[in-house]
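Below is entry.csv, which holds CSV, C-alpha atoms.
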```
chain,number,residue,atom,x,y,z
S,1,ASN,CA,-37.1,6.6,-1.8
S,2,ALA,CA,-34.4,7.9,0.7
S,3,GLY,CA,-31.5,6.1,-1.0
S,4,VAL,CA,-28.6,5.5,1.4
S,5,THR,CA,-28.9,7.0,4.9
S,6,GLN,CA,-26.4,7.1,7.7
S,7,THR,CA,-26.8,7.6,11.4
S,8,PRO,CA,-25.4,9.7,13.2
S,9,LYS,CA,-24.2,12.6,11.1
S,10,PHE,CA,-21.6,13.7,13.7
S,11,ARG,CA,-20.1,12.1,16.8
S,12,VAL,CA,-17.3,12.9,19.2
S,13,LEU,CA,-15.8,10.1,21.2
S,14,LYS,CA,-13.1,9.8,23.8
S,15,THR,CA,-10.3,7.3,23.3
S,16,GLY,CA,-11.3,3.9,24.3
S,17,GLN,CA,-15.1,4.4,23.9
S,18,SER,CA,-17.1,2.3,21.6
S,19,MET,CA,-19.8,3.2,19.1
S,20,THR,CA,-21.8,1.8,16.1
S,21,LEU,CA,-22.5,3.6,12.9
S,22,LEU,CA,-25.7,2.6,11.1
S,23,CYS,CA,-26.2,2.5,7.3
S,24,ALA,CA,-29.6,1.8,5.7
S,25,GLN,CA,-30.6,1.5,2.1
S,26,ASP,CA,-34.0,1.2,0.5
S,27,MET,CA,-32.9,0.2,-3.0
S,28,ASN,CA,-32.8,-3.5,-2.4
S,29,HIS,CA,-29.1,-3.6,-3.2
S,30,GLU,CA,-27.1,-6.8,-2.4
S,31,TYR,CA,-23.7,-5.2,-1.9
S,32,MET,CA,-22.9,-2.7,0.8
S,33,TYR,CA,-19.6,-1.0,1.7
S,34,TRP,CA,-18.0,1.1,4.4
S,35,TYR,CA,-15.3,3.6,3.5
S,36,ARG,CA,-13.3,6.2,5.4
S,37,GLN,CA,-12.1,9.5,3.9
S,38,ASP,CA,-9.1,11.3,5.3
S,39,PRO,CA,-7.8,14.8,4.3
S,40,GLY,CA,-5.7,14.6,1.1
S,41,MET,CA,-6.6,11.0,0.5
S,42,GLY,CA,-9.2,9.1,-1.5
S,43,LEU,CA,-11.8,7.0,0.1
S,44,ARG,CA,-10.4,3.7,1.4
S,45,LEU,CA,-12.5,0.5,1.8
S,46,ILE,CA,-12.9,-0.7,5.4
S,47,HIS,CA,-15.3,-3.7,5.1
S,48,TYR,CA,-17.9,-4.8,2.6
S,49,SER,CA,-20.8,-7.2,2.3
S,50,VAL,CA,-22.0,-9.1,-0.8
S,51,GLY,CA,-25.3,-10.1,0.8
S,52,GLU,CA,-27.3,-10.6,4.0
S,53,GLY,CA,-25.3,-12.4,6.6
S,54,THR,CA,-21.9,-12.0,4.8
S,55,THR,CA,-19.0,-9.6,5.5
S,56,ALA,CA,-15.5,-9.3,4.3
S,57,LYS,CA,-12.4,-7.2,5.0
S,58,GLY,CA,-11.4,-4.4,2.8
S,59,GLU,CA,-8.2,-2.4,2.6
S,60,VAL,CA,-8.1,-0.9,6.1
S,61,PRO,CA,-10.2,-3.2,8.4
S,62,ASP,CA,-8.1,-3.1,11.6
S,63,GLY,CA,-10.0,-1.7,14.6
S,64,TYR,CA,-13.4,-2.1,13.0
S,65,ASN,CA,-16.1,-4.8,12.9
S,66,VAL,CA,-19.2,-5.0,10.8
S,67,SER,CA,-22.5,-6.9,10.7
S,68,ARG,CA,-25.2,-7.4,8.0
S,69,LEU,CA,-28.1,-9.0,9.8
S,70,LYS,CA,-30.7,-7.5,7.5
S,71,LYS,CA,-30.2,-6.9,3.8
S,72,GLN,CA,-31.0,-3.2,4.1
S,73,ASN,CA,-28.7,-2.5,7.0
S,74,PHE,CA,-24.9,-2.5,7.4
S,75,LEU,CA,-23.4,-1.6,10.8
S,76,LEU,CA,-19.9,-0.5,11.4
S,77,GLY,CA,-18.6,-0.9,15.0
S,78,LEU,CA,-15.6,0.6,16.7
S,79,GLU,CA,-14.9,-1.4,19.9
S,80,SER,CA,-12.2,0.9,21.4
S,81,ALA,CA,-11.9,4.1,19.5
S,82,ALA,CA,-8.4,5.6,18.8
S,83,PRO,CA,-7.5,9.1,17.6
S,84,SER,CA,-6.3,7.5,14.3
S,85,GLN,CA,-10.0,6.7,13.6
S,86,THR,CA,-10.9,10.3,13.4
S,87,SER,CA,-12.3,10.5,9.8
S,88,VAL,CA,-15.4,10.9,7.7
S,89,TYR,CA,-17.1,7.5,7.2
S,90,PHE,CA,-19.2,6.8,4.1
S,91,CYS,CA,-21.5,3.9,3.4
S,92,ALA,CA,-22.3,2.8,-0.1
S,93,SER,CA,-24.5,0.2,-1.8
S,94,SER,CA,-24.7,-1.3,-5.2
S,95,TYR,CA,-26.7,-3.9,-7.2
S,96,PRO,CA,-24.5,-6.7,-8.6
S,97,GLY,CA,-25.6,-6.5,-12.3
S,98,SER,CA,-22.8,-6.2,-14.8
S,99,VAL,CA,-19.5,-5.2,-13.3
S,100,PHE,CA,-18.9,-3.1,-16.3
S,101,THR,CA,-21.8,-0.8,-15.4
S,102,ASP,CA,-21.7,-1.3,-11.7
S,103,THR,CA,-21.8,2.0,-9.7
S,104,GLN,CA,-22.1,2.6,-6.0
S,105,TYR,CA,-24.6,4.9,-4.3
S,106,PHE,CA,-23.2,6.8,-1.3
S,107,GLY,CA,-24.7,8.1,1.9
S,108,PRO,CA,-24.0,11.6,3.2
S,109,GLY,CA,-21.3,10.5,5.6
S,110,THR,CA,-20.6,10.5,9.4
S,111,ARG,CA,-18.0,12.8,10.7
S,112,LEU,CA,-16.3,11.1,13.7
S,113,THR,CA,-13.8,12.8,16.0
S,114,VAL,CA,-11.9,10.8,18.6
S,115,LEU,CA,-10.2,12.8,21.3
W,1,LYS,CA,-1.8,-2.7,-6.2
W,2,GLN,CA,-3.9,-0.2,-8.1
W,3,GLU,CA,-3.1,3.5,-7.4
W,4,VAL,CA,-5.1,6.4,-8.7
W,5,THR,CA,-3.6,9.9,-9.0
W,6,GLN,CA,-5.5,13.1,-9.8
W,7,ILE,CA,-3.9,16.3,-11.1
W,8,PRO,CA,-4.2,19.1,-10.2
W,9,ALA,CA,-5.1,18.9,-6.5
W,10,ALA,CA,-6.9,22.2,-6.6
W,11,LEU,CA,-8.0,24.5,-9.4
W,12,SER,CA,-9.5,28.0,-9.4
W,13,VAL,CA,-11.0,29.4,-12.6
W,14,PRO,CA,-13.2,32.3,-13.7
W,15,GLU,CA,-16.7,31.5,-14.7
W,16,GLY,CA,-17.2,30.5,-18.3
W,17,GLU,CA,-13.8,28.8,-18.7
W,18,ASN,CA,-13.5,25.3,-20.2
W,19,LEU,CA,-11.4,23.1,-18.0
W,20,VAL,CA,-9.8,19.7,-17.8
W,21,LEU,CA,-9.3,17.5,-14.8
W,22,ASN,CA,-6.8,14.6,-15.0
W,23,CYS,CA,-6.8,11.1,-13.6
W,24,SER,CA,-4.2,8.4,-14.0
W,25,PHE,CA,-4.2,4.8,-12.8
W,26,THR,CA,-1.5,2.1,-12.6
W,27,ASP,CA,-3.3,-1.1,-13.4
W,28,SER,CA,-5.2,-1.3,-16.7
W,29,ALA,CA,-7.2,-4.4,-15.5
W,30,ILE,CA,-10.4,-2.5,-14.7
W,31,TYR,CA,-14.1,-2.9,-15.3
W,32,ASN,CA,-14.9,0.7,-15.5
W,33,LEU,CA,-13.8,4.2,-14.5
W,34,GLN,CA,-16.1,6.6,-12.7
W,35,TRP,CA,-16.1,10.3,-12.0
W,36,PHE,CA,-17.9,11.5,-8.8
W,37,ARG,CA,-18.7,14.9,-7.5
W,38,GLN,CA,-18.5,15.7,-3.7
W,39,ASP,CA,-20.0,18.8,-2.2
W,40,PRO,CA,-18.8,20.0,1.2
W,41,GLY,CA,-20.4,17.9,4.0
W,42,LYS,CA,-22.2,15.7,1.5
W,43,GLY,CA,-21.8,12.3,0.0
W,44,LEU,CA,-20.6,11.4,-3.5
W,45,THR,CA,-22.7,11.7,-6.6
W,46,SER,CA,-21.8,9.7,-9.7
W,47,LEU,CA,-21.4,11.9,-12.7
W,48,LEU,CA,-20.1,9.6,-15.5
W,49,LEU,CA,-19.2,6.0,-15.8
W,50,ILE,CA,-17.0,4.7,-18.7
W,51,GLN,CA,-16.9,1.0,-19.2
W,52,SER,CA,-13.5,-0.5,-19.9
W,53,SER,CA,-14.4,-1.1,-23.6
W,54,GLN,CA,-15.6,2.5,-24.1
W,55,ARG,CA,-13.5,5.6,-24.9
W,56,GLU,CA,-15.8,8.4,-23.6
W,57,GLN,CA,-19.1,9.4,-22.1
W,58,THR,CA,-20.9,12.7,-22.2
W,59,SER,CA,-23.6,14.2,-19.9
W,60,GLY,CA,-24.6,17.8,-20.6
W,61,ARG,CA,-21.5,20.0,-20.2
W,62,LEU,CA,-19.4,17.1,-18.9
W,63,ASN,CA,-17.3,14.8,-21.1
W,64,ALA,CA,-15.1,12.1,-19.8
W,65,SER,CA,-12.5,10.1,-21.8
W,66,LEU,CA,-10.7,6.9,-21.0
W,67,ASP,CA,-7.4,5.6,-22.5
W,68,LYS,CA,-7.0,2.3,-20.7
W,69,SER,CA,-3.7,1.4,-22.4
W,70,SER,CA,-2.0,4.5,-21.0
W,71,GLY,CA,-3.9,4.5,-17.8
W,72,ARG,CA,-5.4,7.9,-18.1
W,73,SER,CA,-8.8,9.6,-18.0
W,74,THR,CA,-9.8,13.3,-18.4
W,75,LEU,CA,-13.0,15.1,-17.3
W,76,TYR,CA,-13.8,18.1,-19.5
W,77,ILE,CA,-16.2,20.7,-18.1
W,78,ALA,CA,-17.4,23.2,-20.7
W,79,ALA,CA,-18.4,26.7,-19.8
W,80,SER,CA,-17.9,26.4,-16.1
W,81,GLN,CA,-20.3,27.9,-13.6
W,82,PRO,CA,-20.0,28.7,-9.9
W,83,GLY,CA,-22.4,25.8,-9.2
W,84,ASP,CA,-19.7,23.5,-10.5
W,85,SER,CA,-17.5,24.3,-7.5
W,86,ALA,CA,-17.0,21.0,-5.7
W,87,THR,CA,-14.4,18.2,-5.3
W,88,TYR,CA,-14.2,15.8,-8.2
W,89,LEU,CA,-13.1,12.3,-7.5
W,90,CYS,CA,-12.0,9.7,-10.0
W,91,ALA,CA,-12.3,6.0,-9.2
W,92,VAL,CA,-11.6,2.8,-11.0
W,93,LEU,CA,-13.5,-0.5,-10.4
W,94,GLY,CA,-11.1,-3.4,-10.3
W,95,MET,CA,-11.2,-7.0,-9.2
W,96,GLU,CA,-9.9,-6.7,-5.7
W,97,TYR,CA,-12.2,-7.1,-2.6
W,98,GLY,CA,-15.3,-8.2,-4.5
W,99,ASN,CA,-15.1,-5.4,-7.1
W,100,LYS,CA,-13.4,-2.6,-5.2
W,101,LEU,CA,-13.5,1.1,-6.2
W,102,VAL,CA,-10.0,2.6,-5.9
W,103,PHE,CA,-10.3,6.4,-5.5
W,104,GLY,CA,-8.0,9.2,-6.3
W,105,ALA,CA,-7.5,12.0,-3.7
W,106,GLY,CA,-9.7,14.4,-5.8
W,107,THR,CA,-9.4,17.8,-7.4
W,108,ILE,CA,-11.0,20.7,-5.5
W,109,LEU,CA,-12.5,23.0,-8.1
W,110,ARG,CA,-13.5,26.6,-7.4
W,111,VAL,CA,-15.3,28.6,-10.2
W,112,LYS,CA,-15.3,32.3,-9.5
W,113,SER,CA,-18.2,34.5,-10.6
```
As structure tokens, the full file:
Amino acid sequence: NAGVTQTPKFRVLKTGQSMTLLCAQDMNHEYMYWYRQDPGMGLRLIHYSVGEGTTAKGEVPDGYNVSRLKKQNFLLGLESAAPSQTSVYFCASSYPGSVFTDTQYFGPGTRLTVL
Amino acid sequence: KQEVTQIPAALSVPEGENLVLNCSFTDSAIYNLQWFRQDPGKGLTSLLLIQSSQREQTSGRLNASLDKSSGRSTLYIAASQPGDSATYLCAVLGMEYGNKLVFGAGTILRVKS
């Protein structure tokens, strides 16, 4: 049981390049999330999905796209990377039981630098 | 809009001390409040979850309290150890964005041996 895994762990891009971050979970969770974490700030939600084939915008969605073609995978795409997207990206998943006990399980993160 | 604030931003204590980390939030309409631990270069690990109807939760040397009416939570760590050194994040689960976790910026804790 690997939990939530993210690929790659590190990446350096030049401005204007594109890339896709992959998140996979083996816990059969319905909900998946992409966050970014910047120095001195808490995690901020980029996009999320409440099930296979569904996606929705979070708090900071501009410049990112996502897809959830399979239940276990959630992809985050940057079409034209900008220096402002330099950040650590975390994927998380959760099972929609009771919202009062709902917690999210996090991957180890991807450190992205855009030059 | 929900905002979560954590005080202090950083804390350095000698081994063995009891310590308190503080978290405050602006909107009391929450489902739960959670404390996470983050080690350098790693993801987040859930430590404690307090449901909105509960007042506190305990796990080993950790005790978290919740006062929803005043918008405050505290994480108490007893007899701190160097292995407790990490960043501690507070987050509240609200109703935005399909049940969104709103995070504080965290408290960086260093326990000196």
Interface rows for chain W against chain S: nearest pair, Å to one decimal, 10 Å, all atoms listed in the file, as CSV:
```
residue,atom,partner,partner_atom,distance
W:Val4,CA,S:Gly42,CA,8.7
W:Thr5,CA,S:Gly42,CA,9.4
W:Gln6,CA,S:Gly42,CA,9.9
W:Ala9,CA,S:Gly40,CA,8.8
W:Ile30,CA,S:Phe100,CA,8.7
W:Tyr31,CA,S:Phe100,CA,4.9
W:Asn32,CA,S:Phe100,CA,5.6
W:Leu33,CA,S:Phe100,CA,9.1
W:Gln34,CA,S:Thr103,CA,7.9
W:Gln38,CA,S:Pro108,CA,9.7
W:Asp39,CA,S:Pro108,CA,9.8
W:Gly41,CA,S:Pro108,CA,7.3
W:Lys42,CA,S:Pro108,CA,4.8
W:Gly43,CA,S:Pro108,CA,3.9
W:Leu44,CA,S:Phe106,CA,5.7
W:Thr45,CA,S:Phe106,CA,7.2
W:Ser46,CA,S:Thr103,CA,7.7
W:Leu48,CA,S:Thr103,CA,9.7
W:Leu49,CA,S:Thr101,CA,7.3
W:Ile50,CA,S:Thr101,CA,8.0
W:Gln51,CA,S:Phe100,CA,5.4
W:Ser52,CA,S:Phe100,CA,7.0
W:Ser53,CA,S:Phe100,CA,8.8
W:Leu89,CA,S:Gly42,CA,7.8
W:Cys90,CA,S:Gly42,CA,9.0
W:Ala91,CA,S:Gly42,CA,8.9
W:Leu93,CA,S:Val99,CA,8.2
W:Gly94,CA,S:Val99,CA,9.1
W:Met95,CA,S:Val99,CA,9.4
W:Glu96,CA,S:Gly58,CA,8.9
W:Tyr97,CA,S:Gly58,CA,6.1
W:Gly98,CA,S:Val50,CA,7.7
W:Asn99,CA,S:Val99,CA,7.6
W:Lys100,CA,S:Leu45,CA,7.7
W:Leu101,CA,S:Leu45,CA,8.1
W:Val102,CA,S:Arg44,CA,7.4
W:Phe103,CA,S:Gly42,CA,4.9
W:Gly104,CA,S:Gly42,CA,4.9
W:Ala105,CA,S:Gly42,CA,4.0
W:Gly106,CA,S:Gly42,CA,6.8
W:Thr107,CA,S:Gly40,CA,9.8
```
Write a file of the just-selected residues containing C-alpha atoms, as an mmCIF file, in the coordinates of the input.
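The result, written out as selection37.cif:
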```cif
data_model
loop_
_atom_site.group_PDB
_atom_site.id
_atom_site.type_symbol
_atom_site.label_atom_id
_atom_site.label_comp_id
_atom_site.auth_asym_id
_atom_site.auth_seq_id
_atom_site.Cartn_x
_atom_site.Cartn_y
_atom_site.Cartn_z
ATOM 1 C CA VAL W 4 -5.100 6.400 -8.700
ATOM 2 C CA THR W 5 -3.600 9.900 -9.000
ATOM 3 C CA GLN W 6 -5.500 13.100 -9.800
ATOM 4 C CA ALA W 9 -5.100 18.900 -6.500
ATOM 5 C CA ILE W 30 -10.400 -2.500 -14.700
ATOM 6 C CA TYR W 31 -14.100 -2.900 -15.300
ATOM 7 C CA ASN W 32 -14.900 0.700 -15.500
ATOM 8 C CA LEU W 33 -13.800 4.200 -14.500
ATOM 9 C CA GLN W 34 -16.100 6.600 -12.700
ATOM 10 C CA GLN W 38 -18.500 15.700 -3.700
ATOM 11 C CA ASP W 39 -20.000 18.800 -2.200
ATOM 12 C CA GLY W 41 -20.400 17.900 4.000
ATOM 13 C CA LYS W 42 -22.200 15.700 1.500
ATOM 14 C CA GLY W 43 -21.800 12.300 0.000
ATOM 15 C CA LEU W 44 -20.600 11.400 -3.500
ATOM 16 C CA THR W 45 -22.700 11.700 -6.600
ATOM 17 C CA SER W 46 -21.800 9.700 -9.700
ATOM 18 C CA LEU W 48 -20.100 9.600 -15.500
ATOM 19 C CA LEU W 49 -19.200 6.000 -15.800
ATOM 20 C CA ILE W 50 -17.000 4.700 -18.700
ATOM 21 C CA GLN W 51 -16.900 1.000 -19.200
ATOM 22 C CA SER W 52 -13.500 -0.500 -19.900
ATOM 23 C CA SER W 53 -14.400 -1.100 -23.600
ATOM 24 C CA LEU W 89 -13.100 12.300 -7.500
ATOM 25 C CA CYS W 90 -12.000 9.700 -10.000
ATOM 26 C CA ALA W 91 -12.300 6.000 -9.200
ATOM 27 C CA LEU W 93 -13.500 -0.500 -10.400
ATOM 28 C CA GLY W 94 -11.100 -3.400 -10.300
ATOM 29 C CA MET W 95 -11.200 -7.000 -9.200
ATOM 30 C CA GLU W 96 -9.900 -6.700 -5.700
ATOM 31 C CA TYR W 97 -12.200 -7.100 -2.600
ATOM 32 C CA GLY W 98 -15.300 -8.200 -4.500
ATOM 33 C CA ASN W 99 -15.100 -5.400 -7.100
ATOM 34 C CA LYS W 100 -13.400 -2.600 -5.200
ATOM 35 C CA LEU W 101 -13.500 1.100 -6.200
ATOM 36 C CA VAL W 102 -10.000 2.600 -5.900
ATOM 37 C CA PHE W 103 -10.300 6.400 -5.500
ATOM 38 C CA GLY W 104 -8.000 9.200 -6.300
ATOM 39 C CA ALA W 105 -7.500 12.000 -3.700
ATOM 40 C CA GLY W 106 -9.700 14.400 -5.800
ATOM 41 C CA THR W 107 -9.400 17.800 -7.400
#
```
Could you please determine the separation between atom CA of S:Ala2 and atom CA of W:Ser85 in Å, to one decimal place?
24.9 Å
Given only C-alpha atoms as the basis, pick out the residue of S:Met19, S:Val60, S:Val66, S:Leu115 nearest to S:Pro83.
S:Leu115
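The shortest atom-to-atom distance to W:Glu17, with all atoms listed in the file taken into account, belongs to W:Ile77 out of W:Ile77, W:Gly83, W:Val92, W:Arg110.
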What's around S:Leu112 at 8 Å? Count all atoms listed in the file, leave out sequence neighbours fewer than 6 positions away in its own chain, and write the answer as a PyMOL selection string.
chain S and resi 10-13+85-89
12 Å contact set for W:Leu62, all atoms listed in the file, chain neighbours under 3 positions out, as a list in words
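So the residues in contact are Asn18, Leu19, Val20, Leu21, Trp35, Phe36, Arg37, Leu47, Leu48, Leu49, Glu56, Gln57, Thr58, Ser59, Ser65, Thr74, Leu75, Tyr76, Ile77, Ala78, Ala79, Ser80, Asp84 and Tyr88 of chain W.
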Do you have the atom CA of S:Met32-atom CA of S:Pro8 distance handy?
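Calculated distance between atom CA of S:Met32 and atom CA of S:Pro8 is 17.7 Å.
The spacing separating atom CA of W:Gln2 from atom CA of W:Asn22 amounts to 16.6 Å.
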S:Asn1 environment, 9 Å, all atoms listed in the file, sequence neighbours closer than 2 positions dropped, as JSON, numbers by chain
{"S": [3, 26, 27]}
Hey, can you pull every residue with an atom no more than 10 Å from (-19.8, 2.6, 20.4), using only C-alpha atoms, and send it as a PDB file with C-alpha atoms, keeping the file's coordinate frame?
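Everything below was put into part21.pdb:
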```
ATOM      1  CA  LEU S  13     -15.800  10.100  21.200  1.00  0.00           C
ATOM      2  CA  GLY S  16     -11.300   3.900  24.300  1.00  0.00           C
ATOM      3  CA  GLN S  17     -15.100   4.400  23.900  1.00  0.00           C
ATOM      4  CA  SER S  18     -17.100   2.300  21.600  1.00  0.00           C
ATOM      5  CA  MET S  19     -19.800   3.200  19.100  1.00  0.00           C
ATOM      6  CA  THR S  20     -21.800   1.800  16.100  1.00  0.00           C
ATOM      7  CA  LEU S  21     -22.500   3.600  12.900  1.00  0.00           C
ATOM      8  CA  LEU S  76     -19.900  -0.500  11.400  1.00  0.00           C
ATOM      9  CA  GLY S  77     -18.600  -0.900  15.000  1.00  0.00           C
ATOM     10  CA  LEU S  78     -15.600   0.600  16.700  1.00  0.00           C
ATOM     11  CA  GLU S  79     -14.900  -1.400  19.900  1.00  0.00           C
ATOM     12  CA  SER S  80     -12.200   0.900  21.400  1.00  0.00           C
ATOM     13  CA  ALA S  81     -11.900   4.100  19.500  1.00  0.00           C
TER      14      ALA S  81
END
```
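Comparing the minimum interatomic distances between S:Gln6 and each of S:Val114, S:Leu69, S:Ala82, S:Leu75, counting all atoms listed in the file, we find that S:Leu75 sits nearest.
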Mind completing stretch 44-65 of chain W with N, CA, C and O atoms? Output as a PDB file, in the coordinates of the input, please?
```pdb
ATOM      1  N   LEU W  44     -21.060  11.340  -2.080  1.00  0.00           N
ATOM      2  CA  LEU W  44     -20.600  11.400  -3.500  1.00  0.00           C
ATOM      3  C   LEU W  44     -21.752  11.137  -4.410  1.00  0.00           C
ATOM      4  O   LEU W  44     -22.625  10.305  -4.137  1.00  0.00           O
ATOM      5  N   THR W  45     -21.711  11.854  -5.520  1.00  0.00           N
ATOM      6  CA  THR W  45     -22.700  11.700  -6.600  1.00  0.00           C
ATOM      7  C   THR W  45     -22.002  11.236  -7.838  1.00  0.00           C
ATOM      8  O   THR W  45     -21.049  11.881  -8.265  1.00  0.00           O
ATOM      9  N   SER W  46     -22.459  10.157  -8.434  1.00  0.00           N
ATOM     10  CA  SER W  46     -21.800   9.700  -9.700  1.00  0.00           C
ATOM     11  C   SER W  46     -22.191  10.605 -10.821  1.00  0.00           C
ATOM     12  O   SER W  46     -23.358  10.946 -11.041  1.00  0.00           O
ATOM     13  N   LEU W  47     -21.159  11.038 -11.551  1.00  0.00           N
ATOM     14  CA  LEU W  47     -21.400  11.900 -12.700  1.00  0.00           C
ATOM     15  C   LEU W  47     -21.338  11.133 -14.020  1.00  0.00           C
ATOM     16  O   LEU W  47     -22.240  11.262 -14.853  1.00  0.00           O
ATOM     17  N   LEU W  48     -20.277  10.378 -14.207  1.00  0.00           N
ATOM     18  CA  LEU W  48     -20.100   9.600 -15.500  1.00  0.00           C
ATOM     19  C   LEU W  48     -19.428   8.309 -15.155  1.00  0.00           C
ATOM     20  O   LEU W  48     -18.569   8.232 -14.279  1.00  0.00           O
ATOM     21  N   LEU W  49     -19.808   7.293 -15.896  1.00  0.00           N
ATOM     22  CA  LEU W  49     -19.200   6.000 -15.800  1.00  0.00           C
ATOM     23  C   LEU W  49     -18.769   5.555 -17.201  1.00  0.00           C
ATOM     24  O   LEU W  49     -19.597   5.610 -18.133  1.00  0.00           O
ATOM     25  N   ILE W  50     -17.500   5.204 -17.357  1.00  0.00           N
ATOM     26  CA  ILE W  50     -17.000   4.700 -18.700  1.00  0.00           C
ATOM     27  C   ILE W  50     -16.626   3.270 -18.503  1.00  0.00           C
ATOM     28  O   ILE W  50     -15.767   2.923 -17.684  1.00  0.00           O
ATOM     29  N   GLN W  51     -17.266   2.420 -19.264  1.00  0.00           N
ATOM     30  CA  GLN W  51     -16.900   1.000 -19.200  1.00  0.00           C
ATOM     31  C   GLN W  51     -15.519   0.816 -19.845  1.00  0.00           C
ATOM     32  O   GLN W  51     -15.079   1.628 -20.668  1.00  0.00           O
ATOM     33  N   SER W  52     -14.867  -0.275 -19.473  1.00  0.00           N
ATOM     34  CA  SER W  52     -13.500  -0.500 -19.900  1.00  0.00           C
ATOM     35  C   SER W  52     -13.352  -0.568 -21.434  1.00  0.00           C
ATOM     36  O   SER W  52     -12.290  -0.277 -21.989  1.00  0.00           O
ATOM     37  N   SER W  53     -14.431  -0.941 -22.126  1.00  0.00           N
ATOM     38  CA  SER W  53     -14.400  -1.100 -23.600  1.00  0.00           C
ATOM     39  C   SER W  53     -14.746   0.254 -24.297  1.00  0.00           C
ATOM     40  O   SER W  53     -14.658   0.347 -25.515  1.00  0.00           O
ATOM     41  N   GLN W  54     -15.135   1.259 -23.518  1.00  0.00           N
ATOM     42  CA  GLN W  54     -15.600   2.500 -24.100  1.00  0.00           C
ATOM     43  C   GLN W  54     -14.416   3.542 -24.063  1.00  0.00           C
ATOM     44  O   GLN W  54     -13.459   3.412 -23.301  1.00  0.00           O
ATOM     45  N   ARG W  55     -14.568   4.595 -24.877  1.00  0.00           N
ATOM     46  CA  ARG W  55     -13.500   5.600 -24.900  1.00  0.00           C
ATOM     47  C   ARG W  55     -13.979   6.921 -24.250  1.00  0.00           C
ATOM     48  O   ARG W  55     -13.140   7.693 -23.779  1.00  0.00           O
ATOM     49  N   GLU W  56     -15.311   7.170 -24.255  1.00  0.00           N
ATOM     50  CA  GLU W  56     -15.800   8.400 -23.600  1.00  0.00           C
ATOM     51  C   GLU W  56     -17.256   8.318 -23.302  1.00  0.00           C
ATOM     52  O   GLU W  56     -17.988   7.472 -23.820  1.00  0.00           O
ATOM     53  N   GLN W  57     -17.664   9.225 -22.403  1.00  0.00           N
ATOM     54  CA  GLN W  57     -19.100   9.400 -22.100  1.00  0.00           C
ATOM     55  C   GLN W  57     -19.337  10.875 -21.896  1.00  0.00           C
ATOM     56  O   GLN W  57     -18.457  11.631 -21.460  1.00  0.00           O
ATOM     57  N   THR W  58     -20.568  11.266 -22.233  1.00  0.00           N
ATOM     58  CA  THR W  58     -20.900  12.700 -22.200  1.00  0.00           C
ATOM     59  C   THR W  58     -22.237  12.812 -21.387  1.00  0.00           C
ATOM     60  O   THR W  58     -23.146  11.989 -21.530  1.00  0.00           O
ATOM     61  N   SER W  59     -22.308  13.879 -20.580  1.00  0.00           N
ATOM     62  CA  SER W  59     -23.600  14.200 -19.900  1.00  0.00           C
ATOM     63  C   SER W  59     -23.595  15.728 -19.785  1.00  0.00           C
ATOM     64  O   SER W  59     -22.853  16.324 -19.001  1.00  0.00           O
ATOM     65  N   GLY W  60     -24.447  16.354 -20.591  1.00  0.00           N
ATOM     66  CA  GLY W  60     -24.600  17.800 -20.600  1.00  0.00           C
ATOM     67  C   GLY W  60     -23.242  18.481 -20.890  1.00  0.00           C
ATOM     68  O   GLY W  60     -22.650  18.251 -21.941  1.00  0.00           O
ATOM     69  N   ARG W  61     -22.749  19.313 -19.965  1.00  0.00           N
ATOM     70  CA  ARG W  61     -21.500  20.000 -20.200  1.00  0.00           C
ATOM     71  C   ARG W  61     -20.253  19.192 -19.803  1.00  0.00           C
ATOM     72  O   ARG W  61     -19.138  19.678 -19.883  1.00  0.00           O
ATOM     73  N   LEU W  62     -20.466  17.969 -19.379  1.00  0.00           N
ATOM     74  CA  LEU W  62     -19.400  17.100 -18.900  1.00  0.00           C
ATOM     75  C   LEU W  62     -19.046  16.072 -20.007  1.00  0.00           C
ATOM     76  O   LEU W  62     -19.948  15.486 -20.601  1.00  0.00           O
ATOM     77  N   ASN W  63     -17.752  15.865 -20.210  1.00  0.00           N
ATOM     78  CA  ASN W  63     -17.300  14.800 -21.100  1.00  0.00           C
ATOM     79  C   ASN W  63     -16.106  14.133 -20.468  1.00  0.00           C
ATOM     80  O   ASN W  63     -15.142  14.800 -20.057  1.00  0.00           O
ATOM     81  N   ALA W  64     -16.170  12.818 -20.342  1.00  0.00           N
ATOM     82  CA  ALA W  64     -15.100  12.100 -19.800  1.00  0.00           C
ATOM     83  C   ALA W  64     -14.503  11.110 -20.807  1.00  0.00           C
ATOM     84  O   ALA W  64     -15.261  10.475 -21.543  1.00  0.00           O
ATOM     85  N   SER W  65     -13.184  11.023 -20.860  1.00  0.00           N
ATOM     86  CA  SER W  65     -12.500  10.100 -21.800  1.00  0.00           C
ATOM     87  C   SER W  65     -11.734   9.077 -21.016  1.00  0.00           C
ATOM     88  O   SER W  65     -11.365   9.298 -19.858  1.00  0.00           O
TER      89      SER W  65
END
```
